[in-house]
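First comes the structure, then the notes that go with it.
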4 protein chains.
Amino acid sequence: MNNLLEQYRVVRKLTEEICAPLEKEDYVVQPIGDVSPPKWHLGHTAWFFETFVLLPNLPGYREYDPQYNFVFNSYYETVGARVVRTDRGNLSRPSVEDVYSYRRHVDRGMEHLLQTDQLPSDVSELIILGLNHEQQHQELLYTDIKYILGHNPLLPVYSPQVKVSQSQNSTDEFLTLEAGVYDIGFEGEGFCFDNELGRHKVYLQEYRIAQNLVTNGEYLAFIEAGGYRDFRFWHAEGWDWVRQKNASQPLYWHQMDGKWMHYTLAGLQEIQLSEPVCHVSYYEAAAYAAWKGKRLPTEAEWEVAADRFSWGTRWEWTNSAYLPYPGFTRAPGAVGEYNGKFMVNQMVLRGASVATPARHSRKTYRNFFHPQHQWQFTGIRLAE
Amino acid sequence: MNNLLEQYRVVRKLTEEICAPLEKEDYVVQPIGDVSPPKWHLGHTAWFFETFVLLPNLPGYREYDPQYNFVFNSYYETVGARVVRTDRGNLSRPSVEDVYSYRRHVDRGMEHLLQTDQLPSDVSELIILGLNHEQQHQELLYTDIKYILGHNPLLPVYSPQVKVSQSQNSTDEFLTLEAGVYDIGFEGEGFCFDNELGRHKVYLQEYRIAQNLVTNGEYLAFIEAGGYRDFRFWHAEGWDWVRQKNASQPLYWHQMDGKWMHYTLAGLQEIQLSEPVCHVSYYEAAAYAAWKGKRLPTEAEWEVAADRFSWGTRWEWTNSAYLPYPGFTRAPGAVGEYNGKFMVNQMVLRGASVATPARHSRKTYRNFFHPQHQWQFTGIRLAE
Amino acid sequence: MNNLLEQYRVVRKLTEEICAPLEKEDYVVQPIGDVSPPKWHLGHTAWFFETFVLLPNLPGYREYDPQYNFVFNSYYETVGARVVRTDRGNLSRPSVEDVYSYRRHVDRGMEHLLQTDQLPSDVSELIILGLNHEQQHQELLYTDIKYILGHNPLLPVYSPQVKVSQSQNSTDEFLTLEAGVYDIGFEGEGFCFDNELGRHKVYLQEYRIAQNLVTNGEYLAFIEAGGYRDFRFWHAEGWDWVRQKNASQPLYWHQMDGKWMHYTLAGLQEIQLSEPVCHVSYYEAAAYAAWKGKRLPTEAEWEVAADRFSWGTRWEWTNSAYLPYPGFTRAPGAVGEYNGKFMVNQMVLRGASVATPARHSRKTYRNFFHPQHQWQFTGIRLAE
Amino acid sequence: MNNLLEQYRVVRKLTEEICAPLEKEDYVVQPIGDVSPPKWHLGHTAWFFETFVLLPNLPGYREYDPQYNFVFNSYYETVGARVVRTDRGNLSRPSVEDVYSYRRHVDRGMEHLLQTDQLPSDVSELIILGLNHEQQHQELLYTDIKYILGHNPLLPVYSPQVKVSQSQNSTDEFLTLEAGVYDIGFEGEGFCFDNELGRHKVYLQEYRIAQNLVTNGEYLAFIEAGGYRDFRFWHAEGWDWVRQKNASQPLYWHQMDGKWMHYTLAGLQEIQLSEPVCHVSYYEAAAYAAWKGKRLPTEAEWEVAADRFSWGTRWEWTNSAYLPYPGFTRAPGAVGEYNGKFMVNQMVLRGASVATPARHSRKTYRNFFHPQHQWQFTGIRLAE
């Protein structure tokens with residue numbers, strides 16, 4: 001069996017394994033616009049293969065249901081109208097069972113196509129893109145399931161087996177890097193997204209970057225020092241955000257009977273002080289750094305130093321806005337809508353998180369979110 | 001077996017029969033704030049019996065889950081905090097199965113209580129209120145299920161067996177009633193809501209009232225005459241509503257390939273011209289009447305004439321605001337929140353509809369909705 | 001000189017006298033949508049005469065500026081597009097001086113027309129309507145000026161000479177009226193609005209109505225008893241209003257150094273306990289009545305008893321929704337938009353206020369506002 | 001007379017000269033939140049000197065009115081509460097005359113202080129900051145006055161003498177710059193804002209940058225080619241902006257009887273094809289560039305090349321987000337709120353515009369706006 005078919009099976013299976021502990025009802029709801037119903041993720045990742053791979057490339061492939069394009073298109077203007085994003089949670093149909101049938105139908109097509117001799121390279125590239133796309137949605141499944149269950153007044157457990165965090169021996173040590181011209185961006189074999197290309201030179205001033213992520217204990221000191229009540233540490237828009245949300249701690253944190261607890265996929269648990277802080281917005285990350293008299297690293301500083309510290313449990317906010325690398329161009333057609341059109345008003349995150357699928361991370365990976373977002377597994381690394 | 005227990009069983013069973021054709025996913029969603037998830041209706045009607053009947057009156061009754069008060073309270077300030085109405089569709093838990101278990105648990109308590117000898121009369125009155133309350137939610141289940149399925153792009157069928165409408169031989173005839181003092185309001189044996197009490201005199205001028213409801217065909221003439229584009233027929237707030245919603249026909253109507261279709265619980269069907277028009281707002285009802293050079297009846301006019309025409313397929317908008325009858329007082333405690341606190345900014349509807357459970361209608365019944373609401377099975381009767 | 005010309009001069013002059021104490025800047029602003037800039041009132045009342053009287057009836061009359069129809073039309077769909085109501089405060093032009101020139105221009109036309117021999121009766125009726133219309137705006141000028149200055153952080157004085165209130169000897173006495181059929185509505189000579197016609201019979205149950213308005217002192221007792229924190233006294237929408245606005249006292253009241261003060265047109269003053277309470281919404285009036293174990297009168301009850309108590313310092317909230325009298329029909333053309341199209345979602349107020357021009361009140365007058373409005377000089381009379 | 005006093009007089013006088021053509025009413029209004037009333041700019045720039053210079057440094061200085069801090073503080077959290085930004089247009093007082101008195105009062109204090117021998121250098125630095133601050137508001141006065149008059153339905157002329165634009169001989173020529181390490185940021189004598197410091201190295205890839213700004217004629221070709229209707233050229237948020245605003249041309253453009261006109265401070269005029277396009281948002285600038293197969297320059301590219309092309313008539317959108325330079329730190333106290341706290345979600349503009357006061361521009365100047373803003377005199381320079 002060829003390697004791509006094997007990869008396809010592995011990735012697709014993992015998506016469904018992530019959903020296995022859910023009740024059917026959990027697949028349906030959408031408590032906020034940023035969160036999509038798990039059912040939608042399942043359908044959308046199938047739709048991606050159907051629309052971009054099977055329909056154009058598998059002769060005789062029968063579209064499962066022409067209405068599904070309307071239901072499962074995320075944001076591709078090229079392929080037509082779609083359900084408004086915030087209305088995804090209003091759709092009880094297609095049912096969960098129907099969505100799994102849809103996946104089976106697409107899987108049969110894909111198995112067929114993947115057993116073709118001599119798959120053209122543009123098709124296999126699209127399939128690899130589709131698998132990476134599905135891995136991104138695997139991560140989103142975790143974050144969205146956590147939001148759905150973590151905002152239910154019953155605080156249900158997703159799975160008692162989930163390992164929610166990693167201890168960390170906080171050393172407070174900083175690495176020093178010399179000023180000079182460095183290369184960043186993807187190069188070499190293997191898959192990357194278009195936004196990581198091309199490799200190019202940047203000049204960095206001398207800088208220092210923390211070896212460890214900020215811990216819950218360190219962040220708690222910020223809270224207890226009144227960090228959420230002192231405008232001086234915040235961006236103006238961050239301060240508006242604090243007041244409007246009445247924000248006073250990371251997402252999922254609750255103070256109960258004098259103890260700091262947080263909702264995890266394994267249920268409500270006491271906060272471990274030595275673990276890296278999680279679920280903070282860019283505004284909070286930047287305010288924490290300001291309070292410490294430090295700053296967040298730029299994405300280039302992060303990438304240049306990334307071989308010298310350990311990372312991978314938190315997506316790490318950088319102080320870089322999400323903008324095109326020199327020479328960036330959008331691919332023609334729908335796939336060209338993948339990254340470029342989001343390059344305004346978002347901040348870059350580097351690293352990977354506990355929710356990131358294995359082998360879906362690399363030091364050149366550029367993730368991006370709006371600065372107010374907390375629902376990702378985000379953390380803080382300081383620089384100066 | 002006593003009569004109240006029998007009634008209890010009949011009513012409770014019907015609620016679940018209404019839900020029988022649903023997929024589990026249909027129980028969960030809430031596409032607009034006015035619509036509640038079927039799951040919520042099921043839980044809320046059980047909660048009513050648990051909170052107001054069992055906990056105070058059945059010694060040894062064990063509350064199913066103290067959290068459910070927060071989840072299933074609708075609007076009773078007296079009994080504590082509750083999930084914000086528009087957030088009901090964000091709750092995947094309790095699951096449908098849990099909600100049915102909850103109903104079973106409450107049913108066991110109620111069966112126990114109802115087999116008590118000599119149930120005090122205030123308790124049996126509360127139970128009768130609870131049954132009437134549940135019947136109101138049966139009607140809402142139909143209207144909310146219709147909204148949920150009728151706004152899904154796949155337009156799924158609820159049940160092909162549902163009889164969606166009644167033919168009507170439109171005669172255009174009007175009854176004439178003499179001026180004079182009449183009595184309205186509930187009197188006699190049997191259940192009524194507090195807002196129907198007490199019977200009192202009103203003076204009516206001579207008036208004429210239509211024997212038949214306005215039909216689809218008649219309403220279509222209004223549409224085709226440009227009724228939705230001529231401000232002169234509309235209240236100022238009605239005209240704002242038309243422009244904001246871009247309203248041009250009753251809810252669920254679709255013009256497709258030159259034909260007028262409407263979504264029904266049996267699926268998409270062609271509109272029958274002789275059937276009474278349905279799913280119009282008060283604004284539309286009043287504009288239609290103005291276009292005909294007529295008006296809507298007041299609720300007193302309707303009640304006085306009600307024995308002389310047939311009614312019961314549509315809730316009928318009147319031109320009366322929902323206000324207290326002379327001598328109305330709110331009962332003390334939570335039950336006093338049932339009706340009185342809604343007596344502002346709503347219009348009275350009289351009659352009953354195809355979705356109203358049998359024996360849950362009488363000519364003194366006062367239903368009420370905000371003037372923009374279309375999702376009820378509302379119709380139009382003219383007066384002059 | 002004929003009597004109508006004399007009336008015209010008197011009314012028009014008073015409008016400008018009301019504005020005399022203003023700074024030019026006060027003419028321009030619109031702090032909330034319900035309040036119009038004084039400049040707009042001045043232009044709009046002139047526009048009314050130009051549009052409905054002069055252009056159709058004075059041969060050779062030259063329109064001052066065709067753009068003014070767009071600027072000064074209030075809500076008449078019949079006469080074309082208009083500046084969105086909430087944008088009135090965004091217009092620095094026409095300048096105050098231009099608006100006064102406009103009034104002079106219209107006045108010259110009106111003087112000319114009013115000196116015509118044998119003015120047709122439909123024209124003189126329109127002029128009388130225009131004068132009553134201008135008197136309504138005189139009252140609005142007071143209320144809007146009070147809002148503009150009373151919401152300025154500098155709390156400027158409009159005029160130290162304004163007599164802001166009347167003492168009242170509160171007797172707590174109620175009049176009793178017998179049950180029976182009564183006549184209400186306008187009859188006889190003189191002007192009235194279309195919504196006061198025609199005189200018709202109503203049946204009233206026996207009732208009692210207060211001889212005096214509720215005083216500041218009585219209302220303060222409600223505040224101090226926690227009336228704004230107890231949902232039981234409030235309509236559901238009233239309770240939402242309280243929480244959303246964080247309402248805790250009538251408009252313009254301020255608690256300062258332990259004293260209750262209120263902003264008046266003569267500046268900030270201490271509240272006089274024996275004066276009738278002012279600037280309460282319908283929600284507050286109804287909640288106060290509920291707290292006292294009483295209710296508000298209906299408009300028919302008010303009118304039938306009006307000869308037996310003194311009134312005229314506060315518009316008095318009734319418990320009647322604003323709906324058409326039997327036989328009400330809208331006049332054809334733009335004038336028909338005057339009243340009828342507002343007959344939904346508003347409550348009737350009876351009486352008159354300190355801001356009402358002399359001779360612009362009568363016991364059949366039906367004023368109406370949305371239940372949340374506080375900026376009128378509104379008060380409370382109890383019934384039971 | 002010393003040089004700083006002379007500068008003070010020149011700058012302060014120009015502010016008032018800009019307002020000279022206004023009617024009093026023009027000083028008051030605020031049609032959108034981004035636009036401030038001219039009266040507010042006049043008061044705020046005086047308040048800056050009073051608060052940061054006079055009160056701490058001129059013994060015996062008497063504050064004009066303690067309330068003015070509340071009225072004229074723009075965004076300085078350090079110095080207390082303030083009128084909500086969007087409420088500035090609701091304030092009729094202080095009157096225009098009062099605001100000019102306030103300026104006279106502050107001027108007297110400043111004249112006194114500026115005649116002190118040996119002004120401490122931190123005080124003279126604050127004064128220079130205050131003058132640069134006032135120059136920024138001079139530019140805003142032009143843009144805000146244009147918005148106020150240009151959105152009035154009467155389209156009044158500000159001054160027929162205003163020279164609204166510069167012809168430009170469009171050559172389509174691009175300069176080529178070599179790859180390498182360059183220095184950017186302010187150095188040397190004279191004033192700069194904190195966000196321009198410190199001078200630092202950047203690595204640039206080889207690039208080409210246009211010698212001329214995009215003209216109206218070129219931009220018209222984009223409009224006529226359907227640029228506003230083709231999502232492919234737009235950021236996702238830009239496309240949302242287009243649809244929500246129904247955007248189809250730059251601000252102030254109107255198509256009238258087949259001709260393209262635009263509102264200018266000298267009134268409505270025909271668009272000159274050879275002039276640089278003005279009043280485009282970042283979204284429009286980026287979409288235009290994408291349509292041409294080009295891109296916007298980064299701020300570093302712009303600064304490095306700025307000596308080789310002419311600039312100064314339009315603020316030019318760059319493709320750089322507004323972020324701190326290496327080593328940037330906020331000053332302590334209120335002055336530290338000047339720039340740093342806005343460094344998120346905004347884009348950098350370089351250059352200067354026809355509205356920029358003489359000597360208030362330099363090639364290191366970093367202006368910044370949110371990407372949707374059009375009301376500045378913004379233009380487009382292409383790069384590749």
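Every chain in the structure tokens takes a letter, A first, then B, and so on in the order presented; its residues are numbered from 1, and the ligands are numbered from 1 following the presented order.
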**OP:** Could you please tell me, as a list in words, which residues of chain A have an atom within 6 Å of chain D when using only C-alpha atoms?
**Re:** Val202, Tyr203, His235, Ala236, Lys341, Phe342 and Asn345 of chain A
Original post:
So which residues touch segment 262-270 of chain D within 12 Å, counting only C-alpha atoms, skipping near sequence neighbours fewer than 4 positions away, as a PyMOL selection string?
Top reply: chain D and resi 18+21-22+141-165+216+249-258+275+277-279+354-355+377
Original post:
Separation of atom CA of Tyr64 of chain B and atom CA of Val106 of chain B, in Å?
Top reply: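 Atom CA of Tyr64 of chain B sits 8.0 Å away from atom CA of Val106 of chain B.
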Original post:
Counting only C-alpha atoms, what is within 9 Å of Glu23 of chain A, bar same-chain residues fewer than 6 positions away, as a ChimeraX atom specification?
Top reply: /B:92-93,95
Original post:
What is the atom CA of Val11 of chain B-atom CA of Val29 of chain B distance in Å, reported with one decimal?
Top reply: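 Straight-line distance from atom CA of Val11 of chain B to atom CA of Val29 of chain B works out to 24.2 Å.
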